[in-house]
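work05.cif (mmCIF, C-alpha atoms)
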data_model
loop_
_atom_site.group_PDB
_atom_site.id
_atom_site.type_symbol
_atom_site.label_atom_id
_atom_site.label_comp_id
_atom_site.auth_asym_id
_atom_site.auth_seq_id
_atom_site.Cartn_x
_atom_site.Cartn_y
_atom_site.Cartn_z
ATOM 1 C CA MET D 108 -1.483 9.795 -7.275
ATOM 2 C CA HIS D 109 -0.102 9.796 -3.755
ATOM 3 C CA GLU D 110 2.202 12.747 -4.299
ATOM 4 C CA MET D 111 0.309 14.876 -1.768
ATOM 5 C CA SER D 112 0.749 12.184 0.912
ATOM 6 C CA VAL D 113 4.475 12.115 0.175
ATOM 7 C CA ALA D 114 4.683 15.930 0.187
ATOM 8 C CA VAL D 115 2.936 16.051 3.554
ATOM 9 C CA GLU D 116 5.460 13.538 4.890
ATOM 10 C CA VAL D 117 8.377 15.623 3.550
ATOM 11 C CA CYS D 118 6.983 18.661 5.364
ATOM 12 C CA ARG D 119 6.456 16.621 8.539
ATOM 13 C CA LEU D 120 10.117 15.622 8.445
ATOM 14 C CA ALA D 121 11.154 19.271 8.069
ATOM 15 C CA GLU D 122 8.873 20.328 10.922
ATOM 16 C CA GLU D 123 10.235 17.553 13.098
ATOM 17 C CA ARG D 124 13.817 18.599 12.440
ATOM 18 C CA LEU D 125 13.420 22.375 12.815
ATOM 19 C CA SER D 126 12.511 24.514 15.806
ATOM 20 C CA PRO D 127 9.507 26.892 15.655
ATOM 21 C CA VAL D 128 11.971 29.760 15.154
ATOM 22 C CA GLU D 129 13.704 27.980 12.285
ATOM 23 C CA LEU D 130 10.560 26.955 10.370
ATOM 24 C CA PRO D 131 9.949 30.372 8.745
ATOM 25 C CA GLN D 132 13.683 30.583 7.978
ATOM 26 C CA LEU D 133 13.547 27.511 5.783
ATOM 27 C CA ILE D 134 14.275 28.451 2.183
ATOM 28 C CA THR D 135 14.974 25.140 0.424
ATOM 29 C CA VAL D 136 14.106 21.484 0.957
ATOM 30 C CA GLY D 137 16.328 19.110 -0.995
ATOM 31 C CA ILE D 138 14.794 15.788 -2.054
ATOM 32 C CA ASP D 139 16.043 12.857 -4.117
ATOM 33 C CA VAL D 140 13.355 11.116 -6.178
ATOM 34 C CA GLY D 141 14.187 7.857 -7.915
ATOM 35 C CA ASP D 142 12.825 6.942 -11.337
ATOM 36 C CA ASP D 143 11.166 3.878 -9.763
ATOM 37 C CA ALA D 144 9.813 5.675 -6.700
ATOM 38 C CA GLY D 145 6.290 5.485 -8.117
ATOM 39 C CA LEU D 146 5.884 9.240 -8.194
ATOM 40 C CA GLU D 147 5.103 11.784 -10.876
ATOM 41 C CA PRO D 148 7.845 14.397 -10.253
ATOM 42 C CA ASP D 149 5.885 17.405 -11.530
ATOM 43 C CA ASN D 150 2.920 16.493 -9.336
ATOM 44 C CA LEU D 151 5.183 16.105 -6.318
ATOM 45 C CA LEU D 152 6.788 19.486 -7.001
ATOM 46 C CA PHE D 153 3.360 21.084 -7.321
ATOM 47 C CA CYS D 154 2.283 19.644 -3.961
ATOM 48 C CA LEU D 155 5.524 20.599 -2.235
ATOM 49 C CA GLU D 156 5.421 24.142 -3.591
ATOM 50 C CA ALA D 157 1.880 24.548 -2.269
ATOM 51 C CA LEU D 158 2.692 23.177 1.192
ATOM 52 C CA LEU D 159 6.048 24.918 1.623
ATOM 53 C CA ALA D 160 4.568 28.299 0.705
ATOM 54 C CA ALA D 161 2.131 28.181 3.606
ATOM 55 C CA PRO D 162 2.604 28.363 7.391
ATOM 56 C CA PRO D 163 4.424 27.165 9.364
ATOM 57 C CA PHE D 164 6.797 27.608 6.416
ATOM 58 C CA HIS D 165 7.386 30.889 4.670
ATOM 59 C CA ARG D 166 7.924 30.717 0.912
ATOM 60 C CA ALA D 167 10.310 27.762 1.073
ATOM 61 C CA ARG D 168 11.026 25.918 -2.177
ATOM 62 C CA PRO D 169 11.649 22.279 -3.065
ATOM 63 C CA ASP D 170 14.884 21.314 -4.839
ATOM 64 C CA MET D 171 14.300 17.964 -6.508
ATOM 65 C CA THR D 172 17.110 15.755 -7.808
ATOM 66 C CA ARG D 173 16.123 12.840 -10.029
ATOM 67 C CA CYS D 174 18.102 9.644 -9.599
ATOM 68 C CA SER D 175 17.865 5.965 -10.443
ATOM 69 C CA GLY D 176 16.131 3.305 -8.374
ATOM 70 C CA ASP D 177 13.301 3.729 -5.892
ATOM 71 C CA VAL D 178 15.077 6.313 -3.746
ATOM 72 C CA LEU D 179 12.847 8.808 -1.965
ATOM 73 C CA ARG D 180 14.568 10.892 0.675
ATOM 74 C CA VAL D 181 14.952 14.367 2.068
ATOM 75 C CA THR D 182 18.590 15.265 1.528
ATOM 76 C CA TYR D 183 18.994 18.681 3.101
ATOM 77 C CA LEU D 184 17.265 21.675 4.603
ATOM 78 C CA GLU D 185 18.603 25.119 3.792
ATOM 79 C CA LEU D 186 17.848 28.016 6.113
ATOM 80 C CA ASP D 187 18.378 31.742 5.939
ATOM 81 C CA ASP D 188 19.269 32.656 9.504
ATOM 82 C CA ASP D 189 18.702 36.340 8.772
ATOM 83 C CA ARG D 190 15.200 35.921 7.476
ATOM 84 C CA GLN D 191 12.585 37.478 9.751
ATOM 85 C CA ASP D 192 9.075 36.055 9.945
ATOM 86 C CA ASP D 193 6.820 38.794 8.526
ATOM 87 C CA MET M 151 21.646 36.605 4.083
ATOM 88 C CA THR M 152 23.261 33.852 6.125
ATOM 89 C CA VAL M 153 22.560 30.447 4.620
ATOM 90 C CA ARG M 154 22.871 27.376 6.772
ATOM 91 C CA THR M 155 22.495 23.839 5.439
ATOM 92 C CA ILE M 156 21.344 20.867 7.490
ATOM 93 C CA GLU M 157 22.273 17.567 5.861
ATOM 94 C CA LEU M 158 19.565 14.921 6.321
ATOM 95 C CA ARG M 159 19.452 12.047 3.815
ATOM 96 C CA GLU M 160 16.338 10.763 5.568
ATOM 97 C CA PRO M 161 13.964 8.368 3.770
ATOM 98 C CA VAL M 162 10.571 9.996 3.313
ATOM 99 C CA MET M 163 8.814 6.750 4.194
ATOM 100 C CA ALA M 164 10.803 6.275 7.419
ATOM 101 C CA ARG M 165 7.900 7.089 9.742
ATOM 102 C CA ASN M 166 5.459 4.832 7.882
ATOM 103 C CA ASN M 167 8.020 2.029 7.816
ATOM 104 C CA GLU M 168 8.606 2.409 11.537
ATOM 105 C CA ILE M 169 4.878 2.019 12.242
ATOM 106 C CA ALA M 170 4.721 -0.882 9.773
ATOM 107 C CA GLY M 171 7.466 -2.538 11.801
ATOM 108 C CA THR M 172 5.376 -2.128 14.933
ATOM 109 C CA VAL M 173 2.349 -3.667 13.185
ATOM 110 C CA ARG M 174 4.498 -6.548 11.927
ATOM 111 C CA ASN M 175 5.813 -7.203 15.424
ATOM 112 C CA ARG M 176 2.311 -7.148 16.924
ATOM 113 C CA LEU M 177 1.051 -9.617 14.339
ATOM 114 C CA ALA M 178 4.088 -11.867 14.708
ATOM 115 C CA ALA M 179 3.744 -11.895 18.501
ATOM 116 C CA ALA M 180 0.114 -12.984 18.084
ATOM 117 C CA GLY M 181 1.049 -15.527 15.396
ATOM 118 C CA VAL M 182 -1.260 -13.913 12.857
ATOM 119 C CA PRO M 183 -0.147 -13.969 9.216
ATOM 120 C CA ALA M 184 -1.295 -10.904 7.266
ATOM 121 C CA LEU M 185 -1.956 -10.576 3.548
ATOM 122 C CA ASN M 186 -2.235 -7.187 1.848
ATOM 123 C CA LEU M 187 -4.494 -7.515 -1.210
ATOM 124 C CA VAL M 188 -3.724 -4.980 -3.926
ATOM 125 C CA SER M 189 -5.145 -4.555 -7.404
ATOM 126 C CA SER M 190 -6.669 -2.040 -9.735
ATOM 127 C CA PRO M 191 -10.323 -1.182 -9.000
ATOM 128 C CA GLY M 192 -12.708 -3.929 -10.062
ATOM 129 C CA SER M 193 -10.232 -6.811 -10.197
ATOM 130 C CA GLY M 194 -12.198 -8.787 -7.659
ATOM 131 C CA LYS M 195 -10.546 -8.310 -4.276
ATOM 132 C CA THR M 196 -13.817 -7.995 -2.414
ATOM 133 C CA LEU M 197 -15.514 -10.921 -4.152
ATOM 134 C CA LEU M 198 -12.507 -13.175 -3.522
ATOM 135 C CA LEU M 199 -12.654 -12.199 0.145
ATOM 136 C CA GLU M 200 -16.421 -12.765 0.247
ATOM 137 C CA ARG M 201 -15.933 -16.290 -1.109
ATOM 138 C CA THR M 202 -13.055 -16.884 1.292
ATOM 139 C CA LEU M 203 -14.984 -15.731 4.341
ATOM 140 C CA ALA M 204 -18.034 -17.745 3.311
ATOM 141 C CA ALA M 205 -16.015 -20.924 2.759
ATOM 142 C CA LEU M 206 -13.504 -20.810 5.597
ATOM 143 C CA SER M 207 -15.138 -18.938 8.461
ATOM 144 C CA ASP M 208 -15.926 -22.214 10.249
ATOM 145 C CA GLU M 209 -12.265 -23.254 10.055
ATOM 146 C CA LEU M 210 -10.307 -20.036 10.348
ATOM 147 C CA ARG M 211 -10.835 -16.978 12.464
ATOM 148 C CA MET M 212 -10.267 -14.312 9.827
ATOM 149 C CA ALA M 213 -10.138 -10.583 10.382
ATOM 150 C CA VAL M 214 -10.431 -8.021 7.619
ATOM 151 C CA VAL M 215 -9.348 -4.415 7.338
ATOM 152 C CA THR M 216 -10.730 -2.931 4.152
ATOM 153 C CA GLY M 217 -9.849 0.440 2.683
ATOM 154 C CA ASP M 218 -11.861 2.553 0.312
ATOM 155 C CA VAL M 219 -11.643 6.146 -0.831
ATOM 156 C CA GLN M 220 -15.311 6.609 0.014
ATOM 157 C CA THR M 221 -18.172 4.455 1.347
ATOM 158 C CA GLN M 222 -18.216 1.378 3.544
ATOM 159 C CA ASN M 223 -19.756 -0.705 0.766
ATOM 160 C CA ASP M 224 -16.980 -3.309 0.684
ATOM 161 C CA ALA M 225 -16.991 -3.666 4.461
ATOM 162 C CA ASP M 226 -20.768 -4.124 4.401
ATOM 163 C CA ARG M 227 -20.467 -6.796 1.703
ATOM 164 C CA LEU M 228 -17.806 -8.675 3.653
ATOM 165 C CA ALA M 229 -19.630 -8.380 6.963
ATOM 166 C CA ARG M 230 -22.476 -10.502 5.558
ATOM 167 C CA HIS M 231 -20.105 -13.481 5.439
ATOM 168 C CA THR M 232 -18.585 -13.317 8.886
ATOM 169 C CA THR M 233 -19.685 -12.749 12.451
ATOM 170 C CA ARG M 234 -16.420 -10.980 13.110
ATOM 171 C CA LEU M 235 -15.868 -7.261 12.886
ATOM 172 C CA VAL M 236 -14.825 -5.988 9.474
ATOM 173 C CA GLN M 237 -12.778 -2.864 9.984
ATOM 174 C CA ALA M 238 -13.541 -0.240 7.349
ATOM 175 C CA VAL M 239 -11.030 2.520 6.692
ATOM 176 C CA VAL M 240 -12.408 5.359 4.581
ATOM 177 C CA THR M 241 -9.359 7.190 3.332
ATOM 178 C CA GLY M 242 -11.282 10.319 2.317
ATOM 179 C CA GLY M 243 -9.454 10.730 -0.958
ATOM 180 C CA ALA M 244 -6.130 9.056 -0.274
ATOM 181 C CA CYS M 245 -5.241 6.433 -2.870
ATOM 182 C CA HIS M 246 -3.725 3.876 -0.491
ATOM 183 C CA LEU M 247 -3.777 2.629 3.076
ATOM 184 C CA ASP M 248 -0.851 3.512 5.302
ATOM 185 C CA ALA M 249 0.634 1.709 8.273
ATOM 186 C CA LYS M 250 -0.885 4.101 10.802
ATOM 187 C CA GLN M 251 -4.392 3.334 9.552
ATOM 188 C CA VAL M 252 -3.781 -0.396 9.893
ATOM 189 C CA ASP M 253 -2.228 0.090 13.322
ATOM 190 C CA VAL M 254 -5.330 1.958 14.497
ATOM 191 C CA ALA M 255 -7.662 -0.585 12.881
ATOM 192 C CA LEU M 256 -5.927 -3.416 14.739
ATOM 193 C CA GLU M 257 -6.939 -1.865 18.056
ATOM 194 C CA ALA M 258 -10.468 -3.135 17.478
ATOM 195 C CA ILE M 259 -9.375 -6.647 16.497
ATOM 196 C CA ASP M 260 -8.770 -9.386 19.054
ATOM 197 C CA LEU M 261 -5.530 -10.750 17.638
ATOM 198 C CA ALA M 262 -5.407 -13.522 20.224
ATOM 199 C CA ALA M 263 -8.598 -14.854 18.635
ATOM 200 C CA THR M 264 -7.467 -14.381 15.034
ATOM 201 C CA ASP M 265 -5.817 -16.887 12.700
ATOM 202 C CA LEU M 266 -5.412 -14.728 9.615
ATOM 203 C CA LEU M 267 -5.614 -11.046 8.742
ATOM 204 C CA PHE M 268 -6.578 -9.693 5.339
ATOM 205 C CA VAL M 269 -5.980 -6.077 4.439
ATOM 206 C CA GLU M 270 -7.950 -5.111 1.360
ATOM 207 C CA ASN M 271 -6.143 -2.066 0.050
ATOM 208 C CA VAL M 272 -7.640 0.771 -1.972
ATOM 209 C CA GLY M 273 -8.064 -0.241 -5.613
ATOM 210 C CA ASN M 274 -4.894 1.093 -7.197
ATOM 211 C CA LEU M 275 -1.810 -0.596 -8.655
ATOM 212 C CA VAL M 276 0.551 2.344 -8.149
ATOM 213 C CA CYS M 277 0.403 3.910 -4.712
ATOM 214 C CA PRO M 278 -0.119 0.891 -2.412
ATOM 215 C CA ALA M 279 3.230 -0.411 -3.651
ATOM 216 C CA SER M 280 4.995 2.417 -1.835
ATOM 217 C CA TRP M 281 3.411 1.880 1.579
ATOM 218 C CA ASP M 282 4.460 -0.965 3.817
ATOM 219 C CA LEU M 283 1.521 -1.888 6.063
ATOM 220 C CA GLY M 284 3.319 -4.459 8.185
ATOM 221 C CA GLU M 285 1.945 -7.368 6.159
ATOM 222 C CA ASP M 286 3.708 -10.676 5.644
ATOM 223 C CA ALA M 287 3.056 -10.588 1.926
ATOM 224 C CA LYS M 288 1.368 -8.568 -0.760
ATOM 225 C CA VAL M 289 -1.069 -10.443 -2.954
ATOM 226 C CA VAL M 290 -1.582 -8.730 -6.296
ATOM 227 C CA LEU M 291 -4.771 -9.503 -8.199
ATOM 228 C CA PHE M 292 -5.378 -8.874 -11.871
ATOM 229 C CA SER M 293 -8.263 -10.005 -13.990
ATOM 230 C CA VAL M 294 -8.392 -11.443 -17.487
ATOM 231 C CA THR M 295 -10.240 -8.337 -18.676
ATOM 232 C CA GLU M 296 -7.304 -6.068 -17.855
ATOM 233 C CA GLY M 297 -4.709 -7.067 -20.430
ATOM 234 C CA GLU M 298 -1.693 -9.351 -20.255
ATOM 235 C CA ASP M 299 0.812 -6.541 -19.830
ATOM 236 C CA LYS M 300 -0.370 -5.324 -16.411
ATOM 237 C CA PRO M 301 2.817 -6.672 -14.762
ATOM 238 C CA LEU M 302 4.978 -4.733 -17.225
ATOM 239 C CA LYS M 303 2.961 -1.550 -16.782
ATOM 240 C CA TYR M 304 3.001 -1.726 -12.983
ATOM 241 C CA PRO M 305 6.273 -3.530 -12.204
ATOM 242 C CA LYS M 306 6.772 -2.162 -8.708
ATOM 243 C CA VAL M 307 3.707 -3.789 -7.194
ATOM 244 C CA PHE M 308 4.349 -7.074 -9.017
ATOM 245 C CA ARG M 309 7.973 -6.993 -7.875
ATOM 246 C CA GLN M 310 6.911 -6.512 -4.266
ATOM 247 C CA ALA M 311 4.167 -9.119 -4.292
ATOM 248 C CA LYS M 312 4.812 -12.661 -3.184
ATOM 249 C CA TYR M 313 1.594 -14.016 -4.693
ATOM 250 C CA ALA M 314 -0.499 -13.161 -7.734
ATOM 251 C CA VAL M 315 -4.114 -14.090 -8.332
ATOM 252 C CA LEU M 316 -5.422 -14.109 -11.878
ATOM 253 C CA THR M 317 -9.133 -13.496 -11.405
ATOM 254 C CA LYS M 318 -12.305 -13.870 -13.495
ATOM 255 C CA ILE M 319 -10.936 -16.841 -15.422
ATOM 256 C CA ASP M 320 -14.538 -17.856 -16.215
ATOM 257 C CA LEU M 321 -14.408 -15.030 -18.781
ATOM 258 C CA LEU M 322 -11.469 -16.531 -20.691
ATOM 259 C CA PRO M 323 -13.682 -17.982 -23.461
ATOM 260 C CA TYR M 324 -15.055 -14.514 -24.154
ATOM 261 C CA VAL M 325 -12.013 -12.221 -23.978
ATOM 262 C CA PRO M 326 -8.779 -12.213 -25.981
ATOM 263 C CA PHE M 327 -6.487 -12.866 -23.026
ATOM 264 C CA ASN M 328 -3.347 -14.998 -23.300
ATOM 265 C CA VAL M 329 -2.786 -16.513 -19.849
ATOM 266 C CA GLU M 330 0.696 -17.854 -20.543
ATOM 267 C CA GLN M 331 1.827 -14.498 -21.901
ATOM 268 C CA ALA M 332 0.460 -12.719 -18.822
ATOM 269 C CA LEU M 333 2.187 -15.142 -16.464
ATOM 270 C CA GLY M 334 5.373 -14.790 -18.511
ATOM 271 C CA PHE M 335 5.272 -11.007 -18.160
ATOM 272 C CA ALA M 336 4.707 -11.352 -14.426
ATOM 273 C CA ARG M 337 7.633 -13.762 -14.040
ATOM 274 C CA GLU M 338 9.766 -11.400 -16.111
ATOM 275 C CA VAL M 339 9.185 -8.790 -13.421
ATOM 276 C CA ASN M 340 9.273 -11.183 -10.462
ATOM 277 C CA PRO M 341 10.533 -14.731 -11.097
ATOM 278 C CA ASP M 342 9.552 -15.829 -7.576
ATOM 279 C CA LEU M 343 5.884 -14.880 -7.882
ATOM 280 C CA ALA M 344 3.483 -17.728 -7.017
ATOM 281 C CA PHE M 345 0.240 -17.814 -9.012
ATOM 282 C CA PHE M 346 -3.374 -18.661 -8.392
ATOM 283 C CA ARG M 347 -6.015 -18.749 -11.095
ATOM 284 C CA THR M 348 -9.507 -18.176 -9.794
ATOM 285 C CA SER M 349 -13.080 -17.471 -10.672
ATOM 286 C CA ALA M 350 -14.918 -16.265 -7.606
ATOM 287 C CA LEU M 351 -18.102 -16.519 -9.676
ATOM 288 C CA THR M 352 -17.885 -20.220 -10.595
ATOM 289 C CA GLY M 353 -15.532 -21.297 -7.808
ATOM 290 C CA GLU M 354 -12.862 -22.564 -10.199
ATOM 291 C CA GLY M 355 -9.430 -22.473 -8.597
ATOM 292 C CA LEU M 356 -10.726 -21.432 -5.199
ATOM 293 C CA ASP M 357 -9.853 -24.739 -3.531
ATOM 294 C CA THR M 358 -6.182 -24.131 -4.301
ATOM 295 C CA TRP M 359 -6.476 -20.646 -2.809
ATOM 296 C CA PHE M 360 -8.247 -21.972 0.279
ATOM 297 C CA ASN M 361 -5.619 -24.676 0.798
ATOM 298 C CA PHE M 362 -2.912 -22.054 0.514
ATOM 299 C CA LEU M 363 -4.613 -20.070 3.290
ATOM 300 C CA ARG M 364 -4.927 -23.190 5.432
ATOM 301 C CA GLN M 365 -1.219 -23.876 4.979
ATOM 302 C CA LEU M 366 -0.437 -20.279 5.807
ATOM 303 C CA THR M 367 -2.221 -20.709 9.113
ATOM 304 C CA ARG M 368 -0.984 -24.290 9.451
ATOM 305 C CA ARG M 369 -4.531 -25.665 9.388
ATOM 306 C CA PRO M 370 -5.061 -28.936 7.488
ATOM 307 C CA ALA M 371 -7.780 -29.175 4.870
ATOM 308 C CA PRO M 372 -10.895 -30.988 6.120
ATOM 309 C CA VAL M 373 -11.080 -34.630 5.062
#

Kindly transcribe the structure held in the file into structure tokens.
Amino acid sequence: MHEMSVAVEVCRLAEERLSPVELPQLITVGIDVGDDAGLEPDNLLFCLEALLAAPPFHRARPDMTRCSGDVLRVTYLELDDDRQDD
Amino acid sequence: MTVRTIELREPVMARNNEIAGTVRNRLAAAGVPALNLVSSPGSGKTLLLERTLAALSDELRMAVVTGDVQTQNDADRLARHTTRLVQAVVTGGACHLDAKQVDVALEAIDLAATDLLFVENVGNLVCPASWDLGEDAKVVLFSVTEGEDKPLKYPKVFRQAKYAVLTKIDLLPYVPFNVEQALGFAREVNPDLAFFRTSALTGEGLDTWFNFLRQLTRRPAPV
């Protein structure tokens, strides 16, 4: 139910970490989601896909890894340094 | 295409937890214990708080932050039982309170003149479990009309809670609810959970709850 809140927080972390030039170069956001994290993975993916497709991002995609426990973390950001903001 | 990877491994809830830490420090500095009441909708959080405010307002200076998806109805109900400000947080669709909302709500509360803080979370047994608000303890409520297996269905919130309140026990003669089985399920999830059994309607069990609150604030029961 709170997947959108979590997705917004994931995007905030990415925005915090990247410069304005890097934001449109983001292509993948890696996240670990534990089985006991209290989240519905498909809902979270849906929310992340919607947010990462829109500015300040530019068609970035989530890469979710399921794991045990209540883990919920952003694991990596992948950028294409050659991508131009169109 | 030149791909560059930035390793992070950063907890998604880090920012919320940081603010929750700030709230916890503010409350601790003021000596104000804080209870975060969580339950499914309709379990009786607001009525328990109404009874508590009505019974203890002369003894304890209680502040309340109450969260709802829409309306200030709960805040209005609670405000009838206290002269103190009841802080209403309308989440506008969000299914839980977060630490930032509590932090902002505390700005309007005189903590130096407060003995106890209640946070009445949005009615939901899933999402509030994931958001630390800076409270001392979560209090999970569940009523006898909800089924004995609530603790097994929603283990995270029962695992996180320090106290559980079984509400609406006046209905026990009329509903097929096995109290011992429910408490057993809850202890299966969290062996350290302390229980209260209450009926806010008849008052049964409320004295035990009130005495617990007095002890929490180190106030003796009136003779």

(message) Between CA of Ala262 (chain M) and CA of Val214 (chain M), what is the distance in Å, rounded to a tenth?
(response) 14.6 Å

I need the contact residues of chain M against chain D, so if you could list those with any atom within 12 Å, counting only C-alpha atoms, and return them as a PDB file with C-alpha atoms, in the coordinates of the input, that would help.
ATOM      1  CA  MET M 151      21.646  36.605   4.083  1.00  0.00           C
ATOM      2  CA  THR M 152      23.261  33.852   6.125  1.00  0.00           C
ATOM      3  CA  VAL M 153      22.560  30.447   4.620  1.00  0.00           C
ATOM      4  CA  ARG M 154      22.871  27.376   6.772  1.00  0.00           C
ATOM      5  CA  THR M 155      22.495  23.839   5.439  1.00  0.00           C
ATOM      6  CA  ILE M 156      21.344  20.867   7.490  1.00  0.00           C
ATOM      7  CA  GLU M 157      22.273  17.567   5.861  1.00  0.00           C
ATOM      8  CA  LEU M 158      19.565  14.921   6.321  1.00  0.00           C
ATOM      9  CA  ARG M 159      19.452  12.047   3.815  1.00  0.00           C
ATOM     10  CA  GLU M 160      16.338  10.763   5.568  1.00  0.00           C
ATOM     11  CA  PRO M 161      13.964   8.368   3.770  1.00  0.00           C
ATOM     12  CA  VAL M 162      10.571   9.996   3.313  1.00  0.00           C
ATOM     13  CA  MET M 163       8.814   6.750   4.194  1.00  0.00           C
ATOM     14  CA  ALA M 164      10.803   6.275   7.419  1.00  0.00           C
ATOM     15  CA  ARG M 165       7.900   7.089   9.742  1.00  0.00           C
ATOM     16  CA  ASN M 166       5.459   4.832   7.882  1.00  0.00           C
ATOM     17  CA  THR M 241      -9.359   7.190   3.332  1.00  0.00           C
ATOM     18  CA  GLY M 243      -9.454  10.730  -0.958  1.00  0.00           C
ATOM     19  CA  ALA M 244      -6.130   9.056  -0.274  1.00  0.00           C
ATOM     20  CA  CYS M 245      -5.241   6.433  -2.870  1.00  0.00           C
ATOM     21  CA  HIS M 246      -3.725   3.876  -0.491  1.00  0.00           C
ATOM     22  CA  LEU M 247      -3.777   2.629   3.076  1.00  0.00           C
ATOM     23  CA  ASP M 248      -0.851   3.512   5.302  1.00  0.00           C
ATOM     24  CA  VAL M 272      -7.640   0.771  -1.972  1.00  0.00           C
ATOM     25  CA  ASN M 274      -4.894   1.093  -7.197  1.00  0.00           C
ATOM     26  CA  LEU M 275      -1.810  -0.596  -8.655  1.00  0.00           C
ATOM     27  CA  VAL M 276       0.551   2.344  -8.149  1.00  0.00           C
ATOM     28  CA  CYS M 277       0.403   3.910  -4.712  1.00  0.00           C
ATOM     29  CA  PRO M 278      -0.119   0.891  -2.412  1.00  0.00           C
ATOM     30  CA  ALA M 279       3.230  -0.411  -3.651  1.00  0.00           C
ATOM     31  CA  SER M 280       4.995   2.417  -1.835  1.00  0.00           C
ATOM     32  CA  TRP M 281       3.411   1.880   1.579  1.00  0.00           C
ATOM     33  CA  LYS M 303       2.961  -1.550 -16.782  1.00  0.00           C
ATOM     34  CA  TYR M 304       3.001  -1.726 -12.983  1.00  0.00           C
ATOM     35  CA  PRO M 305       6.273  -3.530 -12.204  1.00  0.00           C
ATOM     36  CA  LYS M 306       6.772  -2.162  -8.708  1.00  0.00           C
ATOM     37  CA  VAL M 307       3.707  -3.789  -7.194  1.00  0.00           C
ATOM     38  CA  ARG M 309       7.973  -6.993  -7.875  1.00  0.00           C
TER      39      ARG M 309
END

(request) Can you work out the spacing between CA of Val252 (chain M) and CA of Val289 (chain M) in Å, to one decimal? (result) 16.5 Å

(message) Using all atoms listed in the file, can you tell me which of M:Gly297, M:Pro326, M:Gly334, M:Pro341 comes closest to Gln310 (chain M)?
(response) M:Pro341

(message) Please list, as an MDAnalysis selection string, the residues that have an atom at most 9 Å away from (-3.2, -14.8, 19.6) in the coordinates of this file, counting all atoms listed in the file.
(response) chainID M and resid 177 179:182 260:265

(request) Using the chain letters and residue numbers of this document, give as a ChimeraX atom specification the residues selected by the PyMOL selection byres ((chain M and resi 194) around 9). (result) /M:189-193,195-199,291-293,317-318,350

(message) For this structure, which residues satisfy the selection - the PyMOL selection byres ((chain M and resi 251) around 12) - when it is evaluated on the file as given? I want them as a PyMOL selection string.
(response) chain M and resi 166+169-170+173+215-218+237-241+244+246-250+252-258+269+271+281-284

(request) Would you mind telling me which residue in D:Glu122, D:Gly141, D:Pro127, D:Gly176 lies nearest to Leu158 (chain D) when using only C-alpha atoms? (result) D:Glu122

(message) Using Å and a single decimal, report how far CA of Ala184 (chain M) sits from CA of Arg211 (chain M).
(response) 12.4 Å
